[in-house]
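To keep things clear, I will list the structure first and then write my remarks on it.
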Amino acid sequence: MSMKKFLTASLSATALLIASGMAAQAEEWKFAHEESPGDVQDIYAQEFKRLVEEKTDGDVTVTIYTYGQLGTENDITELTASGAVQFSNASPGHLGTFVPEIQVFGVPYLLSQDPEVNKKVLSSSPTIYEKIGPDFESQGLKLYTMYPEGEMVWTTKKPVTEPADFSGVKFRVMTSPILIESYKSFGANPTALPWGEVYSGLQTSVIDAQENPIFFIESAKFYEVTDYLIYAGQQEYTTTVVSNADFYNGLSDEHKALLADVKSELDDFIFDAQAEANAASLERIQAAKPSIEVIRLDEEQRAKFAEASSGIGDKLVEMVGGDTAEVLEALRKEFGTDM
Ligand code: 6CS
């Protein structure tokens with residue numbers, strides 16, 4: 001063989017090897033969430049990873065990033081919109097400056113007191129997926145799913161059983177603007193922060209109170225620096241999982257169908273997982289800090305907070321405009337809270 005033929009043959013062989021190596025390499029989907037390892041969003045992401053990798057026979061690998069590894073809640077939404085990350089949790093509590101209409105989930109007493117109703121609406125509501133979904137697309141995001149993480153419980157340093165008790169209380173809220181309005185209407189003095197600053201804020205009295213589902217109050221240890229756990233029924237913590245819109249639109253039909261299957265399997269899975277996590281956490285918090293006082297507001301007490309915040313829906317309509325009034329009315333019907 002001449003030197004020229006030898007070189008051509010070995011170059012072709014190398015090209016073939018590179019090409020086959022590339023074909024064998026798994027595609028990577030990055031999934032960032034807003035919580036710590038073992039929390040509800042992490043449980044969801046781990047099961048998503050397991051199912052996607054199993055159903056694609058390893059052609060796709062999912063890499064999970066927990067809170068802080070890629071930044072705060074707002075940072076990971078930006079990374080998803082830019083395509084650096086393919087999937088992330090983007091909770092309505094933090095999403096208001098990106099997708100203003102999703103703040104309907106910050107309107108007090110919108111959701112049902114029946115968790116099964118909430119599960120059904122969040123996983124399949126035409127108002128959420130067909131009316132609010134397009135607003136995600138205009139921000140470069142595709143709304144993949146929505147699920148509940150548990151009732152939001154207030155942790156405070158003094159008892160709060162009526163709006164007047166919130167007077168002078170510096171209450172931390174998530175970063176969506178409507179939450180500031182909601183807590184002002186309850187009589188508190190609200191301040192918006194990413195959750196990474198909440199423990200030290202409570203410890204140093206920069207803030208006096210906050211709200212979160214009980215599993216998160218345990219995991220982030222907020223109960224260590226507060227004295228009361230107050231159930232007022234004002235809100236369920238909800239989250240969305242979003243993907244980058246161009247990434248999603250460019251997927252094969254096979255991968256889109258697979259993602260739809262994974263979503264339906266995970267709707268049931270995560271509903272049960274969050275309920276278990278919340279029940280177990282309350283017991284552990286009480287064992288770890290027996291002095292903590294649990295207050296469950298009765299119907300009459302709750303009605304006072306509902307009354308105080310009854311203008312928040314209109315406030316949101318004024319702030320966001322578009323079809324927000326229609327969306328709010330449709331969701332009230334779906335949740336059965338339109339009476
Ligand atoms: O309070 C927060 O901001 C955080 N709470 C939960 C339950 N998940 C992530 C979110 O950022």
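Every chain in the structure tokens has a letter given in the order shown (A, B, ...), and although residue numbers restart at 1 in each chain, ligands are simply numbered from 1 in the order shown.
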When DSSP works through the backbone of this structure, what residues of segment 27-141 of chain A end up as strand (DSSP E or B), shown as a count of residues only?
17
Compile a residue-level contact table for chain A against ligand 1 at a cut-off of 6 Å, reporting for every qualifying residue the shortest atom pair and its distance in Å to one decimal, with only C-alpha atoms and all ligand atoms counted, rows ordered by chain and ascending number, as a Markdown table.
```
| residue | atom | partner | partner_atom_place_in_ligand_line | distance |
| --- | --- | --- | --- | --- |
| A:Glu34 | CA | ligand 1 | 9 (C) | 4.6 |
| A:Glu35 | CA | ligand 1 | 9 (C) | 5.1 |
| A:Glu73 | CA | ligand 1 | 11 (O) | 5.9 |
| A:Met174 | CA | ligand 1 | 3 (O) | 5.2 |
| A:Pro194 | CA | ligand 1 | 3 (O) | 5.6 |
| A:Trp195 | CA | ligand 1 | 3 (O) | 4.3 |
| A:Asn212 | CA | ligand 1 | 7 (C) | 5.6 |
| A:Pro213 | CA | ligand 1 | 7 (C) | 5.9 |
| A:Phe216 | CA | ligand 1 | 7 (C) | 5.3 |
```
Limited to all heavy atoms, could you put the picked residues into a file as a PDB file, in the first residue's frame?
```pdb
ATOM      1  N   GLU A  34     -35.314  23.811  43.018  1.00  0.00           N
ATOM      2  CA  GLU A  34     -35.177  24.921  43.980  1.00  0.00           C
ATOM      3  C   GLU A  34     -34.993  24.457  45.413  1.00  0.00           C
ATOM      4  O   GLU A  34     -35.114  25.259  46.331  1.00  0.00           O
ATOM      5  CB  GLU A  34     -36.455  25.785  43.932  1.00  0.00           C
ATOM      6  CG  GLU A  34     -36.881  26.271  42.571  1.00  0.00           C
ATOM      7  CD  GLU A  34     -38.317  26.808  42.572  1.00  0.00           C
ATOM      8  OE1 GLU A  34     -39.207  26.161  43.160  1.00  0.00           O
ATOM      9  OE2 GLU A  34     -38.543  27.868  41.978  1.00  0.00           O
ATOM     10  N   GLU A  35     -34.764  23.171  45.613  1.00  0.00           N
ATOM     11  CA  GLU A  35     -34.745  22.661  46.990  1.00  0.00           C
ATOM     12  C   GLU A  35     -33.477  21.847  47.275  1.00  0.00           C
ATOM     13  O   GLU A  35     -32.604  21.703  46.418  1.00  0.00           O
ATOM     14  CB  GLU A  35     -36.018  21.828  47.231  1.00  0.00           C
ATOM     15  CG  GLU A  35     -37.275  22.708  47.101  1.00  0.00           C
ATOM     16  CD  GLU A  35     -38.601  21.970  47.246  1.00  0.00           C
ATOM     17  OE1 GLU A  35     -38.598  20.724  47.361  1.00  0.00           O
ATOM     18  OE2 GLU A  35     -39.646  22.651  47.220  1.00  0.00           O
ATOM     19  N   GLU A  73     -33.596  30.600  42.864  1.00  0.00           N
ATOM     20  CA  GLU A  73     -34.793  30.230  42.096  1.00  0.00           C
ATOM     21  C   GLU A  73     -34.847  31.013  40.776  1.00  0.00           C
ATOM     22  O   GLU A  73     -35.085  30.434  39.713  1.00  0.00           O
ATOM     23  CB  GLU A  73     -36.066  30.544  42.910  1.00  0.00           C
ATOM     24  CG  GLU A  73     -36.141  29.877  44.280  1.00  0.00           C
ATOM     25  CD  GLU A  73     -35.514  30.699  45.406  1.00  0.00           C
ATOM     26  OE1 GLU A  73     -34.687  31.602  45.142  1.00  0.00           O
ATOM     27  OE2 GLU A  73     -35.856  30.436  46.579  1.00  0.00           O
ATOM     28  N   MET A 174     -41.955  34.907  49.162  1.00  0.00           N
ATOM     29  CA  MET A 174     -41.176  34.607  47.967  1.00  0.00           C
ATOM     30  C   MET A 174     -41.193  35.846  47.063  1.00  0.00           C
ATOM     31  O   MET A 174     -41.837  36.839  47.387  1.00  0.00           O
ATOM     32  CB  MET A 174     -41.744  33.359  47.296  1.00  0.00           C
ATOM     33  CG  MET A 174     -41.530  32.110  48.152  1.00  0.00           C
ATOM     34  SD  MET A 174     -42.144  30.594  47.382  1.00  0.00           S
ATOM     35  CE  MET A 174     -43.882  30.701  47.797  1.00  0.00           C
ATOM     36  N   PRO A 194     -34.972  35.395  48.519  1.00  0.00           N
ATOM     37  CA  PRO A 194     -34.772  33.997  48.133  1.00  0.00           C
ATOM     38  C   PRO A 194     -34.677  33.160  49.416  1.00  0.00           C
ATOM     39  O   PRO A 194     -34.299  33.696  50.475  1.00  0.00           O
ATOM     40  CB  PRO A 194     -33.427  33.995  47.401  1.00  0.00           C
ATOM     41  CG  PRO A 194     -32.811  35.316  47.599  1.00  0.00           C
ATOM     42  CD  PRO A 194     -33.800  36.245  48.240  1.00  0.00           C
ATOM     43  N   TRP A 195     -35.011  31.883  49.359  1.00  0.00           N
ATOM     44  CA  TRP A 195     -35.107  31.148  50.631  1.00  0.00           C
ATOM     45  C   TRP A 195     -33.777  30.952  51.326  1.00  0.00           C
ATOM     46  O   TRP A 195     -33.739  30.775  52.548  1.00  0.00           O
ATOM     47  CB  TRP A 195     -35.895  29.852  50.482  1.00  0.00           C
ATOM     48  CG  TRP A 195     -35.209  28.648  49.890  1.00  0.00           C
ATOM     49  CD1 TRP A 195     -35.387  28.158  48.635  1.00  0.00           C
ATOM     50  CD2 TRP A 195     -34.319  27.738  50.545  1.00  0.00           C
ATOM     51  NE1 TRP A 195     -34.654  27.018  48.453  1.00  0.00           N
ATOM     52  CE2 TRP A 195     -33.981  26.739  49.611  1.00  0.00           C
ATOM     53  CE3 TRP A 195     -33.750  27.664  51.822  1.00  0.00           C
ATOM     54  CZ2 TRP A 195     -33.113  25.679  49.908  1.00  0.00           C
ATOM     55  CZ3 TRP A 195     -32.884  26.614  52.124  1.00  0.00           C
ATOM     56  CH2 TRP A 195     -32.579  25.644  51.175  1.00  0.00           C
ATOM     57  N   ASN A 212     -44.248  28.278  54.571  1.00  0.00           N
ATOM     58  CA  ASN A 212     -43.755  27.188  53.722  1.00  0.00           C
ATOM     59  C   ASN A 212     -44.476  25.900  54.087  1.00  0.00           C
ATOM     60  O   ASN A 212     -45.040  25.796  55.180  1.00  0.00           O
ATOM     61  CB  ASN A 212     -42.236  27.009  53.903  1.00  0.00           C
ATOM     62  CG  ASN A 212     -41.465  27.482  52.675  1.00  0.00           C
ATOM     63  OD1 ASN A 212     -41.720  27.024  51.570  1.00  0.00           O
ATOM     64  ND2 ASN A 212     -40.563  28.426  52.867  1.00  0.00           N
ATOM     65  N   PRO A 213     -44.438  24.885  53.189  1.00  0.00           N
ATOM     66  CA  PRO A 213     -44.992  23.593  53.611  1.00  0.00           C
ATOM     67  C   PRO A 213     -44.127  22.994  54.717  1.00  0.00           C
ATOM     68  O   PRO A 213     -42.926  23.281  54.804  1.00  0.00           O
ATOM     69  CB  PRO A 213     -44.948  22.732  52.343  1.00  0.00           C
ATOM     70  CG  PRO A 213     -44.196  23.487  51.327  1.00  0.00           C
ATOM     71  CD  PRO A 213     -43.998  24.891  51.797  1.00  0.00           C
ATOM     72  N   PHE A 216     -40.658  21.503  54.296  1.00  0.00           N
ATOM     73  CA  PHE A 216     -39.591  22.458  54.009  1.00  0.00           C
ATOM     74  C   PHE A 216     -39.192  23.203  55.286  1.00  0.00           C
ATOM     75  O   PHE A 216     -38.030  23.563  55.468  1.00  0.00           O
ATOM     76  CB  PHE A 216     -40.054  23.425  52.919  1.00  0.00           C
ATOM     77  CG  PHE A 216     -38.914  24.136  52.251  1.00  0.00           C
ATOM     78  CD1 PHE A 216     -38.101  23.473  51.345  1.00  0.00           C
ATOM     79  CD2 PHE A 216     -38.628  25.470  52.531  1.00  0.00           C
ATOM     80  CE1 PHE A 216     -37.029  24.117  50.736  1.00  0.00           C
ATOM     81  CE2 PHE A 216     -37.567  26.123  51.931  1.00  0.00           C
ATOM     82  CZ  PHE A 216     -36.770  25.449  51.027  1.00  0.00           C
TER      83      PHE A 216
END
```
With only C-alpha atoms as the counted atoms, please give the residues lying no more than 12 Å from His255 of chain A, apart from itself and same-chain residues fewer than 2 positions off, as an MDAnalysis selection string.
chainID A and resid 27 52:53 55:56 59:60 247:253 257:262
Coordinates-based distance that separates atom CA of Asp314 of chain A from atom CA of Leu122 of chain A (Å, one decimal):
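Between atom CA of Leu122 of chain A and atom CA of Asp314 of chain A the gap works out to 22.1 Å.
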Within 8 Å of Gln103 of chain A, counting only C-alpha atoms, which residues qualify if same-chain residues fewer than 4 places away don't, as a short mmCIF file (atom, residue, chain, number, x, y, z; two decimals) with C-alpha atoms, in the first residue's frame?
```cif
data_model
loop_
_atom_site.label_atom_id
_atom_site.label_comp_id
_atom_site.auth_asym_id
_atom_site.auth_seq_id
_atom_site.Cartn_x
_atom_site.Cartn_y
_atom_site.Cartn_z
CA PRO A 92 -45.31 30.57 41.02
CA GLY A 93 -44.05 32.14 44.25
CA LEU A 95 -42.04 33.28 38.83
CA GLY A 96 -44.15 36.46 38.88
CA VAL A 99 -44.78 34.89 33.81
CA VAL A 107 -54.07 34.77 45.56
CA SER A 176 -43.48 37.25 43.17
CA ILE A 178 -48.49 39.68 44.38
CA LEU A 316 -53.66 41.04 40.35
#
```
When you look at Gly150 of chain A with a cut-off of 8 Å (counting only C-alpha atoms), what residues show up, excluding the ones that are within fewer than 3 positions of it in the same chain? I need them as a list in words.
Pro213, Ile214, Glu236, Tyr237, Thr238, Gln274, Ala275 and Asn278 of chain A
To test your reading of the structure, identify every residue in segment 151-317 of chain A that backbone DSSP assigns to alpha helix (DSSP H), and report it as a ChimeraX atom specification.
/A:177-185,198-203,214-219,245-249,253-288,299-308,312-317
Residue selection dump (C-alpha atoms) as a PDB file, in the first residue's frame:
```pdb
ATOM      1  CA  PRO A 177     -44.919  40.797  43.574  1.00  0.00           C
ATOM      2  CA  ILE A 178     -48.495  39.679  44.378  1.00  0.00           C
ATOM      3  CA  LEU A 179     -47.258  38.073  47.628  1.00  0.00           C
ATOM      4  CA  ILE A 180     -46.205  41.477  48.929  1.00  0.00           C
ATOM      5  CA  GLU A 181     -49.762  42.723  48.292  1.00  0.00           C
ATOM      6  CA  SER A 182     -51.301  39.613  49.905  1.00  0.00           C
ATOM      7  CA  TYR A 183     -49.329  39.978  53.138  1.00  0.00           C
ATOM      8  CA  LYS A 184     -49.935  43.734  53.291  1.00  0.00           C
ATOM      9  CA  SER A 185     -53.660  42.924  53.078  1.00  0.00           C
ATOM     10  CA  VAL A 198     -34.514  33.079  55.412  1.00  0.00           C
ATOM     11  CA  TYR A 199     -32.866  31.097  58.258  1.00  0.00           C
ATOM     12  CA  SER A 200     -30.295  33.807  59.041  1.00  0.00           C
ATOM     13  CA  GLY A 201     -32.980  36.488  58.560  1.00  0.00           C
ATOM     14  CA  LEU A 202     -35.159  34.840  61.231  1.00  0.00           C
ATOM     15  CA  GLN A 203     -32.193  34.252  63.508  1.00  0.00           C
ATOM     16  CA  ILE A 214     -44.085  21.689  56.747  1.00  0.00           C
ATOM     17  CA  PHE A 215     -41.553  19.354  55.039  1.00  0.00           C
ATOM     18  CA  PHE A 216     -39.591  22.458  54.009  1.00  0.00           C
ATOM     19  CA  ILE A 217     -39.873  24.059  57.462  1.00  0.00           C
ATOM     20  CA  GLU A 218     -38.144  20.937  58.786  1.00  0.00           C
ATOM     21  CA  SER A 219     -35.580  20.609  56.012  1.00  0.00           C
ATOM     22  CA  ALA A 245     -39.243  25.927  24.725  1.00  0.00           C
ATOM     23  CA  ASP A 246     -36.881  25.508  21.733  1.00  0.00           C
ATOM     24  CA  PHE A 247     -35.464  22.333  23.253  1.00  0.00           C
ATOM     25  CA  TYR A 248     -38.956  20.908  23.809  1.00  0.00           C
ATOM     26  CA  ASN A 249     -40.271  21.944  20.376  1.00  0.00           C
ATOM     27  CA  ASP A 253     -42.345  12.773  18.557  1.00  0.00           C
ATOM     28  CA  GLU A 254     -41.084   9.702  20.384  1.00  0.00           C
ATOM     29  CA  HIS A 255     -39.426  11.788  23.116  1.00  0.00           C
ATOM     30  CA  LYS A 256     -42.487  14.054  23.419  1.00  0.00           C
ATOM     31  CA  ALA A 257     -44.720  11.002  23.900  1.00  0.00           C
ATOM     32  CA  LEU A 258     -42.292   9.601  26.462  1.00  0.00           C
ATOM     33  CA  LEU A 259     -42.340  12.862  28.413  1.00  0.00           C
ATOM     34  CA  ALA A 260     -46.156  12.842  28.415  1.00  0.00           C
ATOM     35  CA  ASP A 261     -46.114   9.277  29.846  1.00  0.00           C
ATOM     36  CA  VAL A 262     -43.590  10.260  32.501  1.00  0.00           C
ATOM     37  CA  LYS A 263     -45.735  13.270  33.468  1.00  0.00           C
ATOM     38  CA  SER A 264     -48.836  11.117  34.052  1.00  0.00           C
ATOM     39  CA  GLU A 265     -46.901   8.544  36.094  1.00  0.00           C
ATOM     40  CA  LEU A 266     -45.372  11.291  38.204  1.00  0.00           C
ATOM     41  CA  ASP A 267     -48.684  13.118  38.859  1.00  0.00           C
ATOM     42  CA  ASP A 268     -49.766  10.331  41.233  1.00  0.00           C
ATOM     43  CA  PHE A 269     -46.282   9.574  42.497  1.00  0.00           C
ATOM     44  CA  ILE A 270     -45.463  13.102  43.663  1.00  0.00           C
ATOM     45  CA  PHE A 271     -48.889  13.726  45.189  1.00  0.00           C
ATOM     46  CA  ASP A 272     -48.418  10.710  47.493  1.00  0.00           C
ATOM     47  CA  ALA A 273     -44.755  11.510  48.151  1.00  0.00           C
ATOM     48  CA  GLN A 274     -45.425  15.103  49.292  1.00  0.00           C
ATOM     49  CA  ALA A 275     -48.318  14.012  51.546  1.00  0.00           C
ATOM     50  CA  GLU A 276     -46.058  11.439  53.248  1.00  0.00           C
ATOM     51  CA  ALA A 277     -43.182  13.913  53.561  1.00  0.00           C
ATOM     52  CA  ASN A 278     -45.399  16.547  55.194  1.00  0.00           C
ATOM     53  CA  ALA A 279     -46.984  14.123  57.671  1.00  0.00           C
ATOM     54  CA  ALA A 280     -43.618  12.733  58.773  1.00  0.00           C
ATOM     55  CA  SER A 281     -42.035  16.159  59.142  1.00  0.00           C
ATOM     56  CA  LEU A 282     -44.630  17.543  61.564  1.00  0.00           C
ATOM     57  CA  GLU A 283     -43.993  14.629  63.932  1.00  0.00           C
ATOM     58  CA  ARG A 284     -40.224  15.065  63.739  1.00  0.00           C
ATOM     59  CA  ILE A 285     -40.412  18.846  64.327  1.00  0.00           C
ATOM     60  CA  GLN A 286     -42.540  18.316  67.442  1.00  0.00           C
ATOM     61  CA  ALA A 287     -40.114  15.665  68.722  1.00  0.00           C
ATOM     62  CA  ALA A 288     -37.073  17.877  68.042  1.00  0.00           C
ATOM     63  CA  GLU A 299     -63.364  28.571  60.169  1.00  0.00           C
ATOM     64  CA  GLU A 300     -64.282  31.868  61.801  1.00  0.00           C
ATOM     65  CA  GLN A 301     -60.640  32.891  62.224  1.00  0.00           C
ATOM     66  CA  ARG A 302     -59.805  31.886  58.637  1.00  0.00           C
ATOM     67  CA  ALA A 303     -62.760  33.887  57.338  1.00  0.00           C
ATOM     68  CA  LYS A 304     -61.183  37.057  58.783  1.00  0.00           C
ATOM     69  CA  PHE A 305     -57.991  36.516  56.744  1.00  0.00           C
ATOM     70  CA  ALA A 306     -60.046  35.634  53.660  1.00  0.00           C
ATOM     71  CA  GLU A 307     -62.067  38.822  54.106  1.00  0.00           C
ATOM     72  CA  ALA A 308     -58.938  40.965  54.618  1.00  0.00           C
ATOM     73  CA  ILE A 312     -56.117  40.585  45.995  1.00  0.00           C
ATOM     74  CA  GLY A 313     -57.671  38.957  42.913  1.00  0.00           C
ATOM     75  CA  ASP A 314     -58.696  42.421  41.605  1.00  0.00           C
ATOM     76  CA  LYS A 315     -55.264  43.778  42.481  1.00  0.00           C
ATOM     77  CA  LEU A 316     -53.661  41.042  40.350  1.00  0.00           C
ATOM     78  CA  VAL A 317     -56.002  41.770  37.450  1.00  0.00           C
TER      79      VAL A 317
END
```
Go ahead and compute the interatomic distance for atom CA of Phe222 of chain A and atom CA of Phe98 of chain A, in Å to one decimal.
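It comes out at 27.6 Å.
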Which residue out of A:Leu51, A:Leu70, A:Val294, A:Leu79 has the minimum interatomic distance to Thr161 of chain A when only C-alpha atoms are used?
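Counting only C-alpha atoms, the residue closest to Thr161 of chain A is A:Val294.
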Could you tell me how far atom CA of Phe87 of chain A lies from atom CA of Ser138 of chain A, in Å and to one decimal?
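So the two atoms, atom CA of Phe87 of chain A and atom CA of Ser138 of chain A, lie 16.5 Å apart.
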Which residues come within 10 Å of Ala330 of chain A, counting only C-alpha atoms, excluding same-chain residues fewer than 5 positions away, as a compact mmCIF listing (two decimals) with all heavy atoms, in the first residue's frame?
```
# COMPACT_ATOMS: atom_id res chain seq x y z
N SER A 125 -55.69 20.91 34.43
CA SER A 125 -56.61 22.02 34.15
C SER A 125 -56.40 22.64 32.76
O SER A 125 -55.28 23.05 32.41
CB SER A 125 -56.37 23.11 35.20
OG SER A 125 -56.75 24.36 34.70
N PRO A 126 -57.47 22.75 31.96
CA PRO A 126 -57.33 23.43 30.66
C PRO A 126 -56.95 24.91 30.85
O PRO A 126 -56.24 25.48 30.01
CB PRO A 126 -58.72 23.31 30.02
CG PRO A 126 -59.63 22.75 31.06
CD PRO A 126 -58.82 22.21 32.19
N THR A 127 -57.39 25.51 31.95
CA THR A 127 -57.03 26.92 32.19
C THR A 127 -55.51 27.05 32.38
O THR A 127 -54.88 27.96 31.83
CB THR A 127 -57.76 27.45 33.45
OG1 THR A 127 -59.15 27.15 33.30
CG2 THR A 127 -57.57 28.94 33.62
N ILE A 128 -54.93 26.13 33.15
CA ILE A 128 -53.48 26.22 33.39
C ILE A 128 -52.71 25.91 32.10
O ILE A 128 -51.86 26.69 31.67
CB ILE A 128 -53.05 25.24 34.51
CG1 ILE A 128 -53.70 25.63 35.84
CG2 ILE A 128 -51.52 25.20 34.64
CD1 ILE A 128 -53.47 24.65 36.98
N THR A 324 -56.31 37.94 32.71
CA THR A 324 -56.16 37.47 34.09
C THR A 324 -57.50 37.31 34.81
O THR A 324 -57.70 36.35 35.56
CB THR A 324 -55.25 38.44 34.90
OG1 THR A 324 -54.07 38.66 34.15
CG2 THR A 324 -54.88 37.87 36.25
N ALA A 325 -58.45 38.23 34.55
CA ALA A 325 -59.75 38.15 35.24
C ALA A 325 -60.45 36.84 34.86
O ALA A 325 -60.99 36.12 35.72
CB ALA A 325 -60.62 39.34 34.88
N PHE A 335 -61.46 24.92 41.10
CA PHE A 335 -61.12 24.57 42.48
C PHE A 335 -62.37 24.52 43.38
O PHE A 335 -62.30 24.10 44.54
CB PHE A 335 -60.13 25.56 43.08
CG PHE A 335 -58.71 25.40 42.58
CD1 PHE A 335 -58.08 26.43 41.89
CD2 PHE A 335 -58.01 24.22 42.80
CE1 PHE A 335 -56.77 26.29 41.42
CE2 PHE A 335 -56.69 24.07 42.35
CZ PHE A 335 -56.08 25.11 41.64
N GLY A 336 -63.49 25.01 42.85
CA GLY A 336 -64.73 25.03 43.66
C GLY A 336 -64.69 26.09 44.74
O GLY A 336 -65.33 25.95 45.79
N ASP A 338 -65.47 29.35 44.06
CA ASP A 338 -66.11 30.53 43.46
C ASP A 338 -67.39 30.94 44.20
O ASP A 338 -68.11 31.81 43.77
CB ASP A 338 -66.44 30.26 41.98
CG ASP A 338 -67.28 29.00 41.78
OD1 ASP A 338 -67.24 28.10 42.64
OD2 ASP A 338 -67.96 28.91 40.75
```
